[in-house]
file start_37.txt (compact mmCIF, C-alpha atoms)
# COMPACT_ATOMS: atom_id res chain seq x y z
CA MET Y 211 0.00 0.00 0.00
CA SER Y 212 1.16 3.52 -0.71
CA ASP Y 213 0.21 6.74 1.02
CA ALA Y 214 0.00 9.29 -1.78
CA SER Y 215 0.12 12.21 0.65
CA SER Y 216 3.76 11.49 1.44
CA HIS Y 217 5.06 12.87 -1.86
CA SER Y 218 5.99 16.47 -2.45
CA GLN Y 219 4.39 17.62 -5.68
CA GLY Y 220 4.87 21.38 -5.74
CA SER Y 221 7.82 21.50 -8.14
CA SER Y 222 5.67 21.09 -11.25
CA ALA Y 223 2.66 23.23 -10.36
CA GLN Y 224 4.11 25.81 -12.76
CA GLY Y 225 2.07 28.78 -11.62
CA TYR Y 226 -1.08 27.42 -13.19
CA SER Y 227 -3.28 29.67 -11.07
CA GLN Y 228 -3.15 32.07 -14.03
CA GLY Y 229 -4.52 29.51 -16.45
CA TRP Y 230 -3.17 27.29 -19.20
CA ARG Y 231 0.26 28.11 -20.52
CA PRO Y 232 1.86 25.63 -22.94
CA ALA Y 233 5.50 24.81 -22.46
CA THR Y 234 7.89 27.00 -24.42
CA TYR Y 235 10.88 24.70 -24.02
CA TYR Y 236 11.79 21.05 -23.45
CA PRO Y 237 11.56 19.17 -21.18
CA ASP Y 238 8.10 20.38 -20.25
CA PRO Y 239 8.25 21.63 -16.63
CA ALA Y 240 4.72 20.31 -16.11
CA ILE Y 241 6.15 16.79 -16.08
CA SER Y 242 8.20 15.56 -13.16
CA ALA Y 243 9.80 12.29 -12.15
CA LEU Y 244 9.25 11.45 -8.49
CA ASP Y 245 11.15 8.19 -8.80
CA PRO Y 246 13.92 7.16 -11.24
CA ARG Y 247 11.60 4.50 -12.68
CA PHE Y 248 9.50 7.19 -14.36
CA GLU Y 249 12.38 8.43 -16.52
CA LYS Y 250 11.95 5.65 -19.10
CA TYR Y 251 8.36 6.73 -19.74
CA TRP Y 252 9.08 10.45 -20.03
CA LEU Y 253 9.71 11.70 -23.57
CA LYS Y 254 11.80 14.79 -22.99
CA LEU Y 255 10.86 16.25 -26.39
CA SER Y 256 7.13 15.92 -25.75
CA ALA Y 257 4.93 18.50 -24.07
CA VAL Y 258 1.41 18.67 -22.74
CA GLU Y 259 -0.99 20.00 -25.38
CA ARG Y 260 -4.49 21.34 -24.86
CA LEU Y 261 -6.66 19.91 -27.62
CA THR Y 262 -9.88 21.75 -26.83
CA THR Y 263 -11.64 23.59 -24.04
CA GLY Y 264 -15.10 24.96 -23.28
CA LEU Y 265 -16.59 21.83 -21.71
CA ARG Y 266 -18.36 21.92 -18.34
CA TRP Y 267 -17.13 18.62 -16.89
CA ALA Y 268 -15.08 16.35 -19.13
CA GLU Y 269 -15.20 12.61 -18.49
CA GLY Y 270 -14.93 9.19 -20.12
CA PRO Y 271 -12.40 9.63 -22.96
CA VAL Y 272 -12.23 6.68 -25.35
CA TRP Y 273 -9.99 6.25 -28.41
CA PHE Y 274 -11.19 4.97 -31.80
CA GLY Y 275 -8.03 3.98 -33.63
CA ASP Y 276 -9.89 2.82 -36.72
CA GLY Y 277 -11.28 6.33 -37.16
CA ARG Y 278 -8.38 8.21 -35.54
CA TYR Y 279 -10.64 10.13 -33.20
CA LEU Y 280 -11.34 10.56 -29.52
CA LEU Y 281 -14.75 10.68 -27.90
CA CYS Y 282 -15.26 12.39 -24.55
CA SER Y 283 -18.33 12.99 -22.41
CA ASP Y 284 -19.29 16.51 -21.36
CA ILE Y 285 -21.75 15.47 -18.69
CA PRO Y 286 -23.57 18.70 -17.70
CA ASN Y 287 -23.82 19.79 -21.33
CA GLN Y 288 -25.59 16.53 -22.22
CA ARG Y 289 -23.22 15.71 -25.04
CA ILE Y 290 -20.38 13.51 -26.20
CA ILE Y 291 -17.80 15.42 -28.21
CA LYS Y 292 -15.48 14.14 -30.92
CA TRP Y 293 -11.90 15.25 -31.54
CA GLU Y 294 -10.25 14.21 -34.81
CA GLU Y 295 -6.53 13.48 -34.69
CA GLU Y 296 -5.66 14.31 -38.30
CA THR Y 297 -7.43 17.68 -38.44
CA GLY Y 298 -7.93 18.74 -34.82
CA ALA Y 299 -11.60 19.32 -35.60
CA VAL Y 300 -14.01 19.19 -32.68
CA SER Y 301 -17.67 18.35 -33.18
CA VAL Y 302 -20.66 16.98 -31.31
CA PHE Y 303 -20.90 13.20 -31.61
CA ARG Y 304 -24.12 12.83 -29.59
CA LYS Y 305 -26.56 15.28 -28.07
CA PRO Y 306 -28.50 14.75 -25.93
CA SER Y 307 -26.29 12.11 -24.38
CA ASN Y 308 -28.53 11.22 -21.43
CA PHE Y 309 -25.80 12.63 -19.16
CA ALA Y 310 -23.26 10.11 -20.47
CA ASN Y 311 -20.23 9.56 -18.26
CA GLY Y 312 -17.78 6.68 -18.76
CA ASN Y 313 -17.12 5.19 -22.19
CA THR Y 314 -15.13 2.30 -23.58
CA ARG Y 315 -15.23 -0.12 -26.52
CA ASP Y 316 -16.17 -3.76 -26.51
CA ARG Y 317 -14.14 -6.47 -28.19
CA GLN Y 318 -16.08 -5.90 -31.41
CA GLY Y 319 -15.19 -2.21 -31.43
CA ARG Y 320 -18.62 -0.91 -30.42
CA LEU Y 321 -19.04 2.04 -28.08
CA LEU Y 322 -20.20 1.24 -24.54
CA THR Y 323 -21.51 4.11 -22.45
CA CYS Y 324 -22.55 4.67 -18.84
CA GLU Y 325 -25.57 6.99 -18.69
CA HIS Y 326 -26.45 8.94 -15.58
CA GLY Y 327 -29.73 10.15 -17.03
CA GLY Y 328 -30.95 6.76 -18.15
CA ARG Y 329 -29.41 5.00 -15.14
CA ARG Y 330 -28.18 2.39 -17.55
CA VAL Y 331 -25.33 0.94 -19.60
CA VAL Y 332 -25.83 1.07 -23.37
CA ARG Y 333 -24.08 -0.10 -26.52
CA THR Y 334 -23.96 1.86 -29.76
CA GLU Y 335 -24.36 -0.55 -32.67
CA TYR Y 336 -22.53 -0.22 -35.99
CA ASP Y 337 -25.58 1.45 -37.53
CA GLY Y 338 -25.90 3.94 -34.66
CA ALA Y 339 -28.79 2.21 -32.91
CA ILE Y 340 -28.58 2.08 -29.13
CA THR Y 341 -29.02 -1.19 -27.24
CA VAL Y 342 -29.69 -1.15 -23.49
CA LEU Y 343 -27.40 -3.70 -21.83
CA MET Y 344 -28.51 -3.13 -18.24
CA ASP Y 345 -30.69 -0.68 -16.35
CA SER Y 346 -31.77 -2.69 -13.30
CA PHE Y 347 -30.72 -5.53 -11.04
CA ASN Y 348 -33.20 -7.83 -9.32
CA GLY Y 349 -36.03 -5.46 -10.18
CA LYS Y 350 -34.33 -2.34 -8.78
CA ARG Y 351 -33.11 0.49 -10.97
CA LEU Y 352 -29.41 1.17 -11.14
CA ASN Y 353 -28.11 4.41 -9.64
CA SER Y 354 -25.89 6.18 -12.18
CA PRO Y 355 -23.34 3.94 -13.93
CA ASN Y 356 -20.02 5.71 -13.88
CA ASP Y 357 -17.00 3.95 -15.38
CA ILE Y 358 -16.69 0.87 -17.54
CA VAL Y 359 -14.08 -1.59 -18.86
CA VAL Y 360 -14.17 -4.76 -20.95
CA LYS Y 361 -12.07 -7.80 -20.08
CA SER Y 362 -10.41 -9.92 -22.77
CA ASP Y 363 -13.17 -12.54 -22.44
CA GLY Y 364 -15.71 -9.89 -23.49
CA ALA Y 365 -17.22 -9.43 -20.03
CA ILE Y 366 -18.28 -5.88 -19.19
CA TRP Y 367 -17.39 -4.53 -15.74
CA PHE Y 368 -18.78 -1.22 -14.46
CA THR Y 369 -19.29 0.84 -11.32
CA ASP Y 370 -22.63 2.23 -10.14
CA PRO Y 371 -22.36 5.01 -7.53
CA VAL Y 372 -25.16 7.47 -6.71
CA PHE Y 373 -23.47 10.63 -8.02
CA GLY Y 374 -25.89 11.22 -10.88
CA LEU Y 375 -28.86 11.08 -8.50
CA LEU Y 376 -27.66 13.84 -6.19
CA GLY Y 377 -28.90 16.75 -8.29
CA ASN Y 378 -29.96 17.93 -11.71
CA TYR Y 379 -26.53 19.00 -12.97
CA GLU Y 380 -25.04 15.63 -13.93
CA GLY Y 381 -28.23 13.63 -14.05
CA TYR Y 382 -31.73 13.73 -12.61
CA LYS Y 383 -32.25 14.04 -8.89
CA ALA Y 384 -33.83 10.88 -7.56
CA GLU Y 385 -33.79 8.40 -4.72
CA SER Y 386 -31.45 5.45 -4.86
CA GLU Y 387 -33.11 2.04 -5.07
CA ILE Y 388 -30.01 -0.13 -4.72
CA ASP Y 389 -26.63 -0.04 -3.01
CA PRO Y 390 -23.64 1.18 -5.01
CA ASN Y 391 -21.94 -1.87 -6.47
CA VAL Y 392 -19.47 -3.05 -9.05
CA TYR Y 393 -21.09 -5.29 -11.68
CA ARG Y 394 -20.04 -7.82 -14.28
CA LEU Y 395 -22.08 -8.54 -17.40
CA ASP Y 396 -21.44 -12.01 -18.80
CA PRO Y 397 -20.59 -11.86 -22.52
CA THR Y 398 -22.42 -15.07 -23.35
CA THR Y 399 -25.57 -15.00 -21.24
CA GLY Y 400 -25.85 -11.26 -20.63
CA LYS Y 401 -26.50 -12.06 -16.97
CA ALA Y 402 -25.36 -9.49 -14.44
CA THR Y 403 -23.65 -10.32 -11.17
CA ILE Y 404 -22.38 -8.13 -8.34
CA VAL Y 405 -18.63 -8.60 -8.09
CA ALA Y 406 -17.94 -6.03 -5.35
CA GLU Y 407 -20.18 -4.74 -2.58
CA GLY Y 408 -19.43 -2.30 0.20
CA VAL Y 409 -17.24 0.01 -1.87
CA LEU Y 410 -17.88 3.58 -0.72
CA GLY Y 411 -18.61 5.47 -3.92
CA PRO Y 412 -17.21 3.06 -6.54
CA ASN Y 413 -15.79 5.15 -9.36
CA GLY Y 414 -12.96 4.48 -11.83
CA LEU Y 415 -11.84 0.94 -12.51
CA CYS Y 416 -9.31 -0.92 -14.65
CA PHE Y 417 -7.49 -4.22 -14.94
CA SER Y 418 -3.78 -4.85 -14.69
CA PRO Y 419 -2.25 -5.89 -18.03
CA ASP Y 420 -2.42 -9.58 -17.13
CA GLU Y 421 -5.98 -9.09 -15.81
CA LYS Y 422 -5.07 -10.73 -12.52
CA ILE Y 423 -5.83 -7.54 -10.55
CA LEU Y 424 -8.85 -5.25 -10.67
CA TYR Y 425 -8.34 -1.70 -9.40
CA VAL Y 426 -11.34 0.31 -8.17
CA VAL Y 427 -11.42 3.90 -6.93
CA GLU Y 428 -13.30 4.27 -3.64
CA SER Y 429 -14.21 7.93 -4.00
CA ARG Y 430 -16.13 8.24 -0.74
CA GLY Y 431 -13.54 6.45 1.35
CA GLN Y 432 -12.92 7.78 4.85
CA PRO Y 433 -10.94 9.76 5.76
CA ASN Y 434 -9.41 9.74 2.26
CA ARG Y 435 -10.18 8.46 -1.19
CA LYS Y 436 -8.52 5.14 -1.93
CA ILE Y 437 -7.62 2.92 -4.82
CA LEU Y 438 -8.62 -0.63 -3.94
CA ALA Y 439 -7.12 -3.77 -5.45
CA TYR Y 440 -8.73 -7.18 -5.86
CA ASP Y 441 -7.46 -10.50 -7.14
CA VAL Y 442 -9.40 -11.75 -10.17
CA SER Y 443 -10.33 -15.45 -10.17
CA PRO Y 444 -8.72 -17.69 -12.82
CA ASP Y 445 -12.04 -17.99 -14.66
CA GLY Y 446 -12.41 -14.19 -14.66
CA THR Y 447 -15.86 -14.13 -13.05
CA THR Y 448 -15.21 -13.13 -9.42
CA ILE Y 449 -12.78 -11.11 -7.32
CA SER Y 450 -11.38 -11.53 -3.83
CA ASN Y 451 -8.73 -10.29 -1.38
CA LYS Y 452 -9.91 -6.70 -1.21
CA ARG Y 453 -7.10 -4.41 -0.08
CA VAL Y 454 -6.04 -0.77 -0.13
CA PHE Y 455 -3.52 -0.24 -2.91
CA ILE Y 456 -3.28 3.55 -2.58
CA ASP Y 457 -4.40 5.88 0.20
CA ALA Y 458 -4.80 9.09 -1.79
CA GLY Y 459 -4.34 11.47 1.12
CA PRO Y 460 -5.38 14.92 -0.13
CA GLY Y 461 -5.58 13.64 -3.72
CA THR Y 462 -8.79 12.72 -5.50
CA PRO Y 463 -8.30 9.78 -7.87
CA ASP Y 464 -11.19 9.41 -10.29
CA GLY Y 465 -10.50 7.49 -13.49
CA MET Y 466 -7.38 5.48 -14.31
CA ARG Y 467 -5.74 3.19 -16.85
CA CYS Y 468 -2.78 0.81 -16.81
CA ASP Y 469 0.09 0.83 -19.26
CA ILE Y 470 1.67 -2.36 -20.59
CA ASP Y 471 4.16 -2.44 -17.68
CA GLY Y 472 1.40 -2.33 -15.09
CA ASN Y 473 1.88 1.29 -14.05
CA LEU Y 474 -1.34 3.00 -13.02
CA TRP Y 475 -1.98 6.41 -14.62
CA CYS Y 476 -4.59 8.24 -12.52
CA GLY Y 477 -6.66 11.39 -12.94
CA TRP Y 478 -5.97 13.51 -9.86
CA GLY Y 479 -6.61 16.78 -8.01
CA MET Y 480 -9.37 18.95 -6.66
CA GLY Y 481 -8.77 22.55 -7.68
CA ASP Y 482 -5.33 22.65 -6.03
CA PRO Y 483 -2.39 23.51 -8.32
CA GLU Y 484 -0.18 21.29 -6.18
CA LEU Y 485 -2.39 18.29 -6.97
CA ASP Y 486 -4.24 18.87 -10.25
CA GLY Y 487 -3.29 16.67 -13.17
CA VAL Y 488 -2.20 13.05 -13.51
CA VAL Y 489 -0.09 10.92 -11.19
CA VAL Y 490 1.54 7.62 -12.05
CA PHE Y 491 1.97 4.70 -9.64
CA ALA Y 492 4.31 1.77 -10.19
CA PRO Y 493 2.91 -1.74 -9.66
CA ASP Y 494 4.30 -1.67 -6.10
CA GLY Y 495 2.16 1.38 -5.26
CA VAL Y 496 4.93 3.98 -5.28
CA MET Y 497 4.08 7.30 -6.96
CA ILE Y 498 6.75 7.66 -9.63
CA GLY Y 499 5.61 10.55 -11.84
CA ARG Y 500 3.34 13.51 -12.17
CA ILE Y 501 1.85 15.58 -15.01
CA ALA Y 502 0.67 18.95 -13.73
CA LEU Y 503 -2.41 20.48 -15.34
CA PRO Y 504 -4.22 23.75 -14.60
CA GLU Y 505 -7.41 21.76 -13.98
CA ARG Y 506 -8.37 18.67 -12.06
CA CYS Y 507 -8.12 15.61 -14.29
CA ALA Y 508 -11.10 13.29 -13.98
CA ASN Y 509 -10.27 10.53 -16.41
CA LEU Y 510 -7.83 9.47 -19.10
CA CYS Y 511 -7.06 6.90 -21.76
CA PHE Y 512 -4.27 5.89 -24.09
CA GLY Y 513 -4.63 6.27 -27.85
CA GLY Y 514 -2.95 7.43 -31.00
CA LEU Y 515 -1.52 5.23 -33.73
CA LYS Y 516 0.81 3.42 -31.32
CA ARG Y 517 -1.35 3.71 -28.16
CA ASN Y 518 1.42 5.92 -26.77
CA ARG Y 519 -0.55 9.17 -26.50
CA LEU Y 520 -2.16 9.90 -23.17
CA PHE Y 521 -5.50 11.74 -23.45
CA MET Y 522 -6.60 13.54 -20.28
CA ALA Y 523 -10.17 14.75 -19.64
CA ALA Y 524 -9.63 17.58 -17.19
CA SER Y 525 -12.60 19.61 -15.99
CA GLN Y 526 -13.26 22.01 -18.88
CA SER Y 527 -10.55 20.84 -21.29
CA ILE Y 528 -8.94 17.86 -22.98
CA TYR Y 529 -5.16 17.53 -22.92
CA ALA Y 530 -2.73 15.12 -24.56
CA LEU Y 531 0.85 14.00 -24.04
CA TYR Y 532 3.05 11.53 -25.91
CA VAL Y 533 4.70 9.05 -23.52
CA ASN Y 534 7.23 6.27 -23.92
CA THR Y 535 4.86 3.42 -23.15
CA GLN Y 536 1.58 2.05 -24.42
CA GLY Y 537 -1.80 1.58 -22.88
CA ALA Y 538 -2.67 -1.97 -21.90
CA LEU Y 539 -5.27 -3.55 -24.16
CA GLY Y 540 -8.82 -3.36 -22.90
CA GLY Y 541 -10.59 -0.56 -21.08
call {"tool": "encode", "arguments": {"input": "start_37.txt", "output": "structure tokens"}}
result
Amino acid sequence: MSDASSHSQGSSAQGYSQGWRPATYYPDPAISALDPRFEKYWLKLSAVERLTTGLRWAEGPVWFGDGRYLLCSDIPNQRIIKWEEETGAVSVFRKPSNFANGNTRDRQGRLLTCEHGGRRVVRTEYDGAITVLMDSFNGKRLNSPNDIVVKSDGAIWFTDPVFGLLGNYEGYKAESEIDPNVYRLDPTTGKATIVAEGVLGPNGLCFSPDEKILYVVESRGQPNRKILAYDVSPDGTTISNKRVFIDAGPGTPDGMRCDIDGNLWCGWGMGDPELDGVVVFAPDGVMIGRIALPERCANLCFGGLKRNRLFMAASQSIYALYVNTQGALGG
């Protein structure tokens, strides 16, 4: 277990209180190595770029390599936006989005989306039709599905906290009918099972590259947010051995993804220039690197032609950075 509060992070805050300022020289001072192990992933001739801004709360980035574009939810604005890599063009992919939050792709390349407004998980078919995969469990409506990943066997795993029910800004205010859980949808039968109960505000989730560990953000953990780790059963259907992988201290992990070496890249911060951005944890739980942003980063994904471009959905903007690693397949 690592205590994320034990690391000094002020060296790369870069005076961001005055807003976004792109680096004018290399290496980008927004990037810092907190451990020598991060050096191999840091491209010294790469800098953080802001791809677009003007969102209200950016979440759920997902890369479509076959189309060379990124989709990203803008939850309060009821839309999913599209950024095209070759042209830099930004357009609206879907509006209204039903307060879409987390997105990913299934093993057939189709878009999977967590909807706060519909309190459901949906799939966008090749022809654009929307199929509801799950909106209730044992006769009770889901809360507000948040983040979603797909395992190599095709099973869909997602979190279901109550955040979208708390008001009318990121969903529709309503009473919860069921406890917040982490679910698995079987790829063959479509049957849903609860794989994790008792997580306080289950949020971001991802698998380790070998899929032997599932990481889940406990965003209402006391006294601090935590990143939990579970062992995944050999048949990939259940998890066990719940443990605290990271105690976030003053940090606020939200969404995360693993690279091919098992490092965990995490959206971080809460309006504090000493914290806002992305932090990277080695597989042993040590914080090894940081990317400072002028906004809290909620979620991220890897993409680009070689899966070596980190896309960061940060509050009102989307940022990108080339890194010397690749995102693990899945998620």
call {"tool": "closest_residue", "arguments": {"input": "start_37.txt", "among": "Y:Gly408, Y:Gly481, Y:Pro390, Y:Pro460", "to": "Phe373 of chain Y", "atoms": "only C-alpha atoms"}}
result
Y:Pro390
call {"tool": "atom_distance", "arguments": {"input": "start_37.txt", "atom1": "atom CA of Asp245 of chain Y", "atom2": "atom CA of Ala524 of chain Y"}}
result
24.3 Å
call {"tool": "atom_distance", "arguments": {"input": "start_37.txt", "atom1": "atom CA of Ile498 of chain Y", "atom2": "atom CA of Asp441 of chain Y"}}
result
23.2 Å
call {"tool": "atom_distance", "arguments": {"input": "start_37.txt", "atom1": "atom CA of Pro397 of chain Y", "atom2": "atom CA of Phe417 of chain Y"}}
result
17.0 Å
call {"tool": "residues_near_point", "arguments": {"input": "start_37.txt", "point": "(-16.9, 8.0, -17.7)", "cutoff": "6 Å", "atoms": "all atoms listed in the file", "output": "compact mmCIF listing (two decimals) with C-alpha atoms, in the frame of the given file"}}
result
# COMPACT_ATOMS: atom_id res chain seq x y z
CA GLU Y 269 -15.20 12.61 -18.49
CA GLY Y 270 -14.93 9.19 -20.12
CA ASN Y 311 -20.23 9.56 -18.26
CA GLY Y 312 -17.78 6.68 -18.76
CA ASN Y 313 -17.12 5.19 -22.19
CA ASN Y 356 -20.02 5.71 -13.88
CA ASP Y 357 -17.00 3.95 -15.38
call {"tool": "closest_residue", "arguments": {"input": "start_37.txt", "among": "Y:Pro355, Y:Ala233, Y:Pro239, Y:Thr262", "to": "Arg500 of chain Y", "atoms": "only C-alpha atoms"}}
result
Y:Pro239
call {"tool": "residues_around", "arguments": {"input": "start_37.txt", "residues": "Arg278 of chain Y", "least_positions_apart": "5", "cutoff": "8 Å", "atoms": "only C-alpha atoms", "output": "list in words"}}
result
Trp273, Glu294, Glu295, Glu296, Gly514 and Leu515 of chain Y
call {"tool": "residues_around", "arguments": {"input": "start_37.txt", "residues": "Ala492 of chain Y", "least_positions_apart": "2", "cutoff": "12 Å", "atoms": "all atoms listed in the file", "output": "list in words"}}
result
Met211, Ser212, Leu244, Asp245, Pro246, Arg247, Phe248, Tyr251, Ser418, Phe455, Ile456, Cys468, Asp469, Ile470, Asp471, Gly472, Asn473, Leu474, Trp475, Cys476, Val489, Val490, Asp494, Gly495, Val496, Met497, Ile498, Gly499 and Arg500 of chain Y
call {"tool": "build_atoms", "arguments": {"input": "start_37.txt", "residues": "segment 237-259 of chain Y", "atoms": "N, CA and C atoms", "output": "short mmCIF file (atom, residue, chain, number, x, y, z; two decimals), in the coordinates of the input"}}
result
data_model
loop_
_atom_site.label_atom_id
_atom_site.label_comp_id
_atom_site.auth_asym_id
_atom_site.auth_seq_id
_atom_site.Cartn_x
_atom_site.Cartn_y
_atom_site.Cartn_z
N PRO Y 237 12.78 19.95 -21.46
CA PRO Y 237 11.56 19.17 -21.18
C PRO Y 237 10.48 20.03 -20.56
N ASP Y 238 9.25 19.64 -20.77
CA ASP Y 238 8.10 20.38 -20.25
C ASP Y 238 8.15 20.38 -18.72
N PRO Y 239 8.19 21.58 -18.09
CA PRO Y 239 8.25 21.63 -16.63
C PRO Y 239 6.99 21.11 -15.93
N ALA Y 240 5.93 20.86 -16.72
CA ALA Y 240 4.72 20.31 -16.11
C ALA Y 240 4.88 18.83 -15.77
N ILE Y 241 5.94 18.21 -16.30
CA ILE Y 241 6.15 16.79 -16.08
C ILE Y 241 7.31 16.61 -15.11
N SER Y 242 7.13 15.76 -14.13
CA SER Y 242 8.20 15.56 -13.16
C SER Y 242 8.30 14.09 -12.78
N ALA Y 243 9.52 13.64 -12.61
CA ALA Y 243 9.80 12.29 -12.15
C ALA Y 243 9.97 12.32 -10.63
N LEU Y 244 9.15 11.55 -9.93
CA LEU Y 244 9.25 11.45 -8.49
C LEU Y 244 10.05 10.24 -8.06
N ASP Y 245 10.40 9.42 -9.03
CA ASP Y 245 11.15 8.19 -8.80
C ASP Y 245 11.92 7.91 -10.09
N PRO Y 246 13.14 7.41 -10.02
CA PRO Y 246 13.92 7.16 -11.24
C PRO Y 246 13.21 6.25 -12.24
N ARG Y 247 12.28 5.42 -11.78
CA ARG Y 247 11.60 4.50 -12.68
C ARG Y 247 10.72 5.22 -13.70
N PHE Y 248 10.36 6.47 -13.42
CA PHE Y 248 9.50 7.19 -14.36
C PHE Y 248 10.27 7.71 -15.57
N GLU Y 249 11.58 7.83 -15.45
CA GLU Y 249 12.38 8.43 -16.52
C GLU Y 249 12.19 7.71 -17.85
N LYS Y 250 12.06 6.40 -17.85
CA LYS Y 250 11.95 5.65 -19.10
C LYS Y 250 10.64 5.93 -19.84
N TYR Y 251 9.65 6.45 -19.12
CA TYR Y 251 8.36 6.73 -19.74
C TYR Y 251 8.22 8.18 -20.19
N TRP Y 252 9.15 9.01 -19.80
CA TRP Y 252 9.08 10.45 -20.03
C TRP Y 252 9.84 10.80 -21.30
N LEU Y 253 9.10 11.21 -22.33
CA LEU Y 253 9.71 11.70 -23.57
C LEU Y 253 10.08 13.16 -23.38
N LYS Y 254 11.35 13.43 -23.33
CA LYS Y 254 11.80 14.79 -22.99
C LYS Y 254 11.52 15.81 -24.10
N LEU Y 255 11.21 15.34 -25.31
CA LEU Y 255 10.86 16.25 -26.39
C LEU Y 255 9.36 16.23 -26.67
N SER Y 256 8.59 15.88 -25.66
CA SER Y 256 7.13 15.92 -25.75
C SER Y 256 6.60 16.85 -24.69
N ALA Y 257 5.53 17.55 -25.01
CA ALA Y 257 4.93 18.50 -24.07
C ALA Y 257 3.43 18.30 -24.01
N VAL Y 258 2.86 18.73 -22.90
CA VAL Y 258 1.41 18.67 -22.74
C VAL Y 258 0.76 19.65 -23.71
N GLU Y 259 -0.24 19.17 -24.43
CA GLU Y 259 -0.99 20.00 -25.38
C GLU Y 259 -2.44 20.09 -24.95
#
